[in-house]
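As structure tokens, the structure follows; a few thoughts come after it.
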Amino acid sequence: MNVLKAVSMPAPKRLRDLIREIRSARTAADERAVVNKECATIRDSFRDQDNTYRCRNVAKLLYIHMLGYPAHFGQLECMKLIASARFTDKRIGYLGAMLLLDERQDVHLLITNSLKNDLSHQTQYIQSLALCTLGAICSVEMSRDLAGEVEKMIKSSNAYIKKKAILCAFGIIRKVPDLMEMFIPATRSLLNEKNHGVLLTAVCLITEMSEKSPDTLHHFRKLVPQLVRVLKNLIMAGYSPEHDVSGVSDPFLQVKILRLLRILGHNDSEASETMNDILAQVATNTDTSKNVGHAILYEIVLTIMGIQSEAGLRVLAVNILGRFLLNNDKNIRYVALNTLLRVVSADYNAVQRHRTTIVDCLKDPDISIRRRAIELSFALINHNNVRGMMKELLLFLETCDPEFKSDCCSNIVMAAAKYSPNKRWHIDTVFKVLTTAGNYIKGDVVTIAIQLVSETSSLHAYSVQQLFRFLRNDYTQQPLAQVAAWCIGEYGELINSVNIEEEEPLQVTEDEVITLLEKVLANNNSSVVTKEYVITALMKLSSRLSSCTSRLKKIITTYGSSTNVELQQRSVEYTNLFTRYDHLRPAVLERMPLIQAHPHSLEDTFTDDNEVNLLADSVSRTNVHNLAISPTQPTENGDILDIMSNGTPAAPPIQSNRGGGAIDLLDLLGDLGSDVPPVNNNTVLSPVGGNNFLDGFIQTTAPPNNFVNGASSLPVVTAFNKNGLIVEFICQRANNDATKTVINMKAANSSPFPMLDFVFQAAVPKSFQLNLQSPSGSVIPPVNAGTVTQLIELINPQKQPIRMRLKISYTQNGNTISEMGEVNTFPPELWQ
Amino acid sequence: MMQFMLLFSRQGKLRLQKWFVAHQEKTKKKITRDLITLVLSRKPKMCSFLEYKDYKIVYKRYASLYFCCAIENDDNELLTLELIHRYVELLDKYFGSVCELDIIFNFEKAYFMLDEFLMVGEVQETSKKNVLKAIAAQDLMQEEETPQGFFEDHGLG
């Protein structure tokens, strides 16, 4: 039977023959024909369950797969090969599994069992194949199923298996981080190994673990001395031909260790201290005649800048980059630019020193280098070099590849706004961008340019005349045409103004202006947006220019039949404005008010918000509940934010009024008074202080005894009461300092008129020290609608009875009132 | 960690592909096509690095063959060049002054070599000797299984 079969089915084509045949195909169609025919034969053979040649067929299929043809029908055959006992079958089967299967196909799970068997095979090379395939596919399910086996294999005494198991663990952790725990114990001892493969893979694994979890990072910090020792042995070791690369001992291991050191030393002064010496040693002793030496120096620079290294070492690192930058090898220059960008924030001045070289790289013919250089250049612009840098960048903008242009424009405009030495320069720069980059400019630049011109009233005439000149030269650039059209429309009457910056005034007739705009409008290449700008500009000009109304009207009316809805609508509306509402026209077309929505002002608002939030954070630490309430009271919330942005963030503005009428809210908040302990031992943060925040929201002044919480029933002293002004003190002894008393002053106004310019001053005998914080405000609203509060700190080292003199002044109904007073009624608990 | 490695010829033919991170077949083809075009269009004096999507591409040409690796942002480009060189050295030792044809006709051996040198996108062995030893031992196992005289018919041929 077998003989018969062999006769009917000749041995399939050999792999080499197939490759040869495919290669000899003259055309793509020929190749396809060969491949299709062979695939058909292979499918037949698979269907016949042929075991002898399965391996050869799968190998052929893998070659066909590489050419881009579908080969999924080989997936199951790979599994059969893996299950075979023959090594050749397994070898090709696993190779096929790695190439044809991945975690995206569920079918990969079918090999889990074979993998499990082979992981415990007695032949190390079969174990190795299984490990390699597990590492390559490493799906979540597979990782969970086989992590236990891998963990056991890490403990193997066979370095060949050990290193592969370690990398498998690395892959598993990358895929399923919560399996990390189970590998940590086995990982600890790995650095004691001598075998480079094991060391290298172990460092990989530790790096991955440390990056994944801060706890593990902390745990592995202990390894720093050991890593330093391994690195030291490595560079002190004599020549070892199997690991050395052009005289540098095992660069792969060195770089991995350096990288791990960077992660372990980051933000840890002790670990950083331990590695300082070895870093200096590697940095100075590495031979840099070849690429490999630079690879190590590159890594070490990143490590030095990434940890808390000594100042001298940092200088050394930046100097290394400086040398890189002058290297003839393009690769090394690229790396230098890349790295400088990463360290520019850490060591701005050192990088600044290489500015000229960096700017030179903008002219490099290699796009990779230019890309790095342009990014770095923008990072290096500051107030001092903005003129010079901008000149270079504008030059770059002229010649650079289209893909850079739009980002480059936006960045230039941004940098110009940030560092411009004066308005004239700023406007010139933005105009230069508009004329240089043409249609690559993004819409935001148009808005910024218009905003810039509009807010610079002293340069309106200059701007409009310049723009007219630019537009006359080239009206095909849409962004420029838009800005120019807007400005000419808006400031058309200034087109011949002689009152401009040292430039020759433009001598054009009104007709010329209109003719130019008309050309833009008629140009087929003008975008609809540009046309919209122009049509509006023409409309505005009807009130700016004296003589051409009828011509303008004619042009605008033409577009009443435009096929573009937007243009048509404008045209019809404007025409109506000419005819039916002509009396309204001058008023409607008056100058635009200053545009508010400037992207930068927008940015500013954002930063302001952030500041407020930051401050709010510092307060929220003192009283979390405060912020929880604030949104329900928008007005008062605003006030609080106001206080915060005025006051120093270090002194949380605690209003020194008493928590009158706070019952409801106090209930809501439970026992806030007793529950909020002073967080940072600052006496300011007394429980009363906490409650006082509430007062602002309640805006009433009920009697102080409403405090339900016994703990906070503190002595209240009425310090002053005259003409409706009531000043009360809530006094408390500081918890941490027996000699210190904290007084919250609260001033309320029950009269019907507001008290303005309210100033509260206090004086104490010489044996005391007095510290007045800034008040919450200077206006006390009428009829108890609000209070001014101020914090007084009193240090009483001799524990004397407290006496205080007051001086109060305010303006009411235009009269300045000044009052004096003395307070002797402080409760004795405050000093006894 | 390396994301993938591609070997392709000056004519733009793919000779080897190793993906360390799973992608759809379509994506792989697109990336391969893009990179072959990008790399082949670069002039010989340009640097060996490119930026493509989120990867850093490190490539080097050896005779008619381009070796092209995609690495992550934190990885060392210069060391990746060394890694490529090491792989070439290994192939060279194994085939005895390797050329493109060796890799075409013995692509499975080139894969076996790569799998002994790299795993999960990381270098697993920095000793050339150890890598070659492991390959030689496995080749021997393969030969021993193939009955004498039947080699031509039963092996990969």
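Here, A, B, ... name the chains of the structure tokens in the order displayed, residue numbers run from 1 inside each chain, and ligands are numbered from 1 in the same displayed order.
Near chain A, within 6 Å and using only C-alpha atoms, the residues of chain B are Met46, Cys47, Leu50, Leu78, Leu79, Val120, Gln124, Glu125, Thr126, Ser127, Lys128, Gln142, Leu156 and Gly157 of chain B.
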Go ahead and save the residues from that selection, with all heavy atoms, as a short mmCIF file (atom, residue, chain, number, x, y, z; two decimals), in the first residue's frame.
```cif
data_model
loop_
_atom_site.label_atom_id
_atom_site.label_comp_id
_atom_site.auth_asym_id
_atom_site.auth_seq_id
_atom_site.Cartn_x
_atom_site.Cartn_y
_atom_site.Cartn_z
N MET B 46 23.64 59.45 4.66
CA MET B 46 22.74 59.87 5.73
C MET B 46 22.87 58.97 6.95
O MET B 46 23.41 57.87 6.87
CB MET B 46 21.31 59.83 5.21
CG MET B 46 21.06 60.89 4.17
SD MET B 46 19.36 60.85 3.65
CE MET B 46 19.27 62.35 2.71
N CYS B 47 22.35 59.45 8.08
CA CYS B 47 22.50 58.67 9.30
C CYS B 47 21.60 57.45 9.26
O CYS B 47 20.71 57.34 8.42
CB CYS B 47 22.24 59.53 10.53
SG CYS B 47 20.53 59.94 10.80
N LEU B 50 15.77 56.72 11.62
CA LEU B 50 14.57 57.31 11.04
C LEU B 50 13.53 57.34 12.13
O LEU B 50 13.57 56.55 13.05
CB LEU B 50 14.04 56.39 9.96
CG LEU B 50 14.50 56.55 8.53
CD1 LEU B 50 13.82 55.50 7.70
CD2 LEU B 50 14.11 57.92 8.01
N LEU B 78 22.55 53.51 18.98
CA LEU B 78 23.92 53.12 18.60
C LEU B 78 24.17 51.66 18.94
O LEU B 78 24.83 50.94 18.19
CB LEU B 78 24.93 54.01 19.33
CG LEU B 78 24.87 55.51 18.99
CD1 LEU B 78 25.88 56.29 19.81
CD2 LEU B 78 25.11 55.74 17.51
N LEU B 79 23.61 51.22 20.07
CA LEU B 79 23.80 49.83 20.44
C LEU B 79 23.03 48.91 19.48
O LEU B 79 23.46 47.79 19.21
CB LEU B 79 23.34 49.60 21.88
CG LEU B 79 23.80 48.26 22.43
CD1 LEU B 79 25.28 48.31 22.76
CD2 LEU B 79 23.01 47.85 23.65
N VAL B 120 12.11 37.76 22.62
CA VAL B 120 11.20 38.78 23.14
C VAL B 120 11.78 40.19 22.89
O VAL B 120 11.57 41.09 23.68
CB VAL B 120 10.93 38.59 24.65
CG1 VAL B 120 9.57 39.18 25.01
CG2 VAL B 120 10.98 37.14 25.06
N GLN B 124 19.66 37.81 24.06
CA GLN B 124 19.71 36.78 25.11
C GLN B 124 21.12 36.25 25.32
O GLN B 124 21.40 35.65 26.35
CB GLN B 124 18.76 35.62 24.78
CG GLN B 124 19.04 34.98 23.43
CD GLN B 124 18.36 33.63 23.28
OE1 GLN B 124 18.55 32.76 24.11
NE2 GLN B 124 17.56 33.48 22.25
N GLU B 125 22.00 36.46 24.35
CA GLU B 125 23.34 35.89 24.49
C GLU B 125 24.34 36.82 23.84
O GLU B 125 24.18 37.18 22.67
CB GLU B 125 23.37 34.50 23.82
CG GLU B 125 24.69 33.80 23.90
CD GLU B 125 25.16 33.61 25.34
OE1 GLU B 125 24.55 32.83 26.07
OE2 GLU B 125 26.15 34.28 25.74
N THR B 126 25.35 37.24 24.59
CA THR B 126 26.32 38.16 24.01
C THR B 126 27.59 37.44 23.57
O THR B 126 28.49 38.06 23.04
CB THR B 126 26.69 39.27 25.00
OG1 THR B 126 27.22 38.66 26.17
CG2 THR B 126 25.48 40.09 25.36
N SER B 127 27.63 36.12 23.81
CA SER B 127 28.81 35.39 23.36
C SER B 127 28.54 34.75 22.01
O SER B 127 27.63 33.94 21.87
CB SER B 127 29.15 34.32 24.40
OG SER B 127 29.85 33.27 23.79
N LYS B 128 29.33 35.14 21.03
CA LYS B 128 29.17 34.58 19.69
C LYS B 128 29.34 33.07 19.74
O LYS B 128 28.63 32.32 19.10
CB LYS B 128 30.22 35.18 18.75
CG LYS B 128 29.82 36.49 18.14
CD LYS B 128 30.89 37.02 17.21
CE LYS B 128 31.89 37.88 17.97
NZ LYS B 128 32.88 38.52 17.09
N GLN B 142 19.50 17.38 13.95
CA GLN B 142 18.66 17.29 12.76
C GLN B 142 19.26 16.29 11.76
O GLN B 142 18.54 15.49 11.18
CB GLN B 142 18.56 18.68 12.13
CG GLN B 142 17.25 18.94 11.44
CD GLN B 142 17.19 20.35 10.90
OE1 GLN B 142 17.55 21.30 11.59
NE2 GLN B 142 16.75 20.49 9.66
N LEU B 156 14.86 18.90 4.37
CA LEU B 156 14.22 20.03 3.70
C LEU B 156 14.66 20.08 2.25
O LEU B 156 13.96 20.60 1.39
CB LEU B 156 14.59 21.32 4.40
CG LEU B 156 14.09 21.38 5.84
CD1 LEU B 156 14.68 22.58 6.54
CD2 LEU B 156 12.58 21.43 5.89
N GLY B 157 15.85 19.46 1.99
CA GLY B 157 16.35 19.34 0.63
C GLY B 157 16.75 20.66 0.00
O GLY B 157 16.07 21.62 0.11
#
```
(Q) Excluding stretch 722-736 of chain A and its own-chain neighbours fewer than 4 positions away, which residues fall within 6 Å of it when counting only C-alpha atoms? Please give them as a ChimeraX atom specification. (A) /A:683,715-718,740-751,830
Dump as a short mmCIF file (atom, residue, chain, number, x, y, z; two decimals), in the first residue's frame, selection limited to all heavy atoms:
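After the write, part21.cif holds the following:
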```cif
data_model
loop_
_atom_site.label_atom_id
_atom_site.label_comp_id
_atom_site.auth_asym_id
_atom_site.auth_seq_id
_atom_site.Cartn_x
_atom_site.Cartn_y
_atom_site.Cartn_z
N THR A 683 -0.65 76.51 63.91
CA THR A 683 -1.77 76.85 64.78
C THR A 683 -2.92 77.46 64.02
O THR A 683 -4.04 77.44 64.47
CB THR A 683 -1.32 77.84 65.84
OG1 THR A 683 -0.64 78.87 65.15
CG2 THR A 683 -0.44 77.19 66.85
N PRO A 715 -12.81 81.27 73.61
CA PRO A 715 -13.14 82.61 74.07
C PRO A 715 -13.26 83.58 72.91
O PRO A 715 -12.43 83.58 72.01
CB PRO A 715 -11.97 82.99 74.96
CG PRO A 715 -10.91 82.00 74.70
CD PRO A 715 -11.56 80.77 74.17
N VAL A 716 -14.32 84.35 72.97
CA VAL A 716 -14.54 85.36 71.95
C VAL A 716 -14.52 86.71 72.63
O VAL A 716 -15.14 86.91 73.67
CB VAL A 716 -15.88 85.14 71.25
CG1 VAL A 716 -16.14 86.27 70.28
CG2 VAL A 716 -15.87 83.81 70.55
N VAL A 717 -13.76 87.61 72.07
CA VAL A 717 -13.63 88.92 72.67
C VAL A 717 -14.16 89.94 71.68
O VAL A 717 -13.77 89.92 70.51
CB VAL A 717 -12.14 89.22 72.95
CG1 VAL A 717 -12.00 90.60 73.58
CG2 VAL A 717 -11.55 88.14 73.82
N THR A 718 -15.07 90.76 72.16
CA THR A 718 -15.49 91.86 71.30
C THR A 718 -14.50 92.99 71.50
O THR A 718 -14.40 93.58 72.57
CB THR A 718 -16.91 92.32 71.66
OG1 THR A 718 -17.76 91.17 71.59
CG2 THR A 718 -17.39 93.37 70.71
N LYS A 740 2.40 80.82 72.23
CA LYS A 740 1.82 81.45 71.05
C LYS A 740 0.30 81.46 71.12
O LYS A 740 -0.33 80.48 71.48
CB LYS A 740 2.27 80.67 69.81
CG LYS A 740 1.99 81.37 68.51
CD LYS A 740 2.92 80.80 67.47
CE LYS A 740 2.33 80.87 66.09
NZ LYS A 740 3.17 80.12 65.16
N THR A 741 -0.27 82.60 70.78
CA THR A 741 -1.71 82.72 70.72
C THR A 741 -2.09 83.15 69.31
O THR A 741 -1.44 84.00 68.72
CB THR A 741 -2.20 83.80 71.71
OG1 THR A 741 -1.71 83.46 73.00
CG2 THR A 741 -3.70 83.88 71.74
N VAL A 742 -3.13 82.51 68.84
CA VAL A 742 -3.58 82.88 67.50
C VAL A 742 -4.93 83.54 67.62
O VAL A 742 -5.83 83.03 68.27
CB VAL A 742 -3.69 81.64 66.60
CG1 VAL A 742 -4.15 82.04 65.22
CG2 VAL A 742 -2.37 80.93 66.53
N ILE A 743 -5.06 84.70 67.03
CA ILE A 743 -6.30 85.44 67.13
C ILE A 743 -6.86 85.63 65.73
O ILE A 743 -6.17 86.12 64.84
CB ILE A 743 -6.06 86.83 67.77
CG1 ILE A 743 -5.43 86.65 69.16
CG2 ILE A 743 -7.35 87.62 67.86
CD1 ILE A 743 -4.85 87.91 69.73
N ASN A 744 -8.09 85.22 65.56
CA ASN A 744 -8.77 85.49 64.29
C ASN A 744 -9.60 86.73 64.46
O ASN A 744 -10.54 86.75 65.26
CB ASN A 744 -9.67 84.32 63.92
CG ASN A 744 -8.87 83.14 63.45
OD1 ASN A 744 -7.93 83.30 62.68
ND2 ASN A 744 -9.23 81.97 63.95
N MET A 745 -9.28 87.76 63.73
CA MET A 745 -10.05 88.99 63.80
C MET A 745 -11.14 88.94 62.75
O MET A 745 -10.88 88.57 61.60
CB MET A 745 -9.11 90.17 63.54
CG MET A 745 -9.72 91.53 63.66
SD MET A 745 -10.66 92.05 62.23
CE MET A 745 -9.36 92.42 61.09
N LYS A 746 -12.34 89.34 63.16
CA LYS A 746 -13.42 89.42 62.18
C LYS A 746 -14.10 90.76 62.32
O LYS A 746 -14.51 91.14 63.42
CB LYS A 746 -14.44 88.30 62.41
CG LYS A 746 -15.53 88.28 61.35
CD LYS A 746 -16.60 87.24 61.63
CE LYS A 746 -17.60 87.80 62.64
NZ LYS A 746 -18.81 86.96 62.74
N ALA A 747 -14.19 91.49 61.24
CA ALA A 747 -14.84 92.79 61.29
C ALA A 747 -16.12 92.73 60.47
O ALA A 747 -16.08 92.32 59.31
CB ALA A 747 -13.91 93.86 60.72
N ALA A 748 -17.23 93.12 61.11
CA ALA A 748 -18.51 93.12 60.40
C ALA A 748 -19.10 94.52 60.46
O ALA A 748 -18.77 95.34 61.33
CB ALA A 748 -19.45 92.11 61.02
N ASN A 749 -20.01 94.77 59.55
CA ASN A 749 -20.56 96.12 59.41
C ASN A 749 -22.08 96.02 59.40
O ASN A 749 -22.67 95.50 58.46
CB ASN A 749 -20.02 96.69 58.08
CG ASN A 749 -20.65 98.01 57.73
OD1 ASN A 749 -21.33 98.64 58.53
ND2 ASN A 749 -20.40 98.45 56.50
N SER A 750 -22.71 96.52 60.46
CA SER A 750 -24.17 96.42 60.52
C SER A 750 -24.83 97.70 60.01
O SER A 750 -26.05 97.77 59.93
CB SER A 750 -24.60 96.11 61.95
OG SER A 750 -24.16 97.15 62.78
N SER A 751 -24.03 98.70 59.68
CA SER A 751 -24.62 99.95 59.18
C SER A 751 -25.09 99.75 57.74
O SER A 751 -24.69 98.79 57.08
CB SER A 751 -23.56 101.06 59.21
OG SER A 751 -22.60 100.83 58.21
N LEU A 830 -5.47 82.15 77.98
CA LEU A 830 -4.57 82.31 76.85
C LEU A 830 -3.11 82.43 77.28
O LEU A 830 -2.22 82.23 76.48
CB LEU A 830 -4.96 83.53 76.03
CG LEU A 830 -6.26 83.39 75.22
CD1 LEU A 830 -6.57 84.68 74.50
CD2 LEU A 830 -6.18 82.24 74.23
#
```
Q: Find the spatial neighbours of A:Met755, counting only C-alpha atoms, within a cut-off of 8 Å - ignore same-chain residues fewer than 6 positions away - and output them as an NGL selection string.
A: :A and (749 or 779-782 or 810-812)
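All residues within stretch 31-102 of chain B that the backbone DSSP calculation assigns to strand (DSSP E) are Phe49, Leu50, Glu51, Tyr52, Tyr55, Lys56, Ile57, Val58, Tyr59, Lys60, Arg61, Tyr62, Leu65, Tyr66, Phe67, Cys68, Cys69, Ala70 and Ile71 of chain B.
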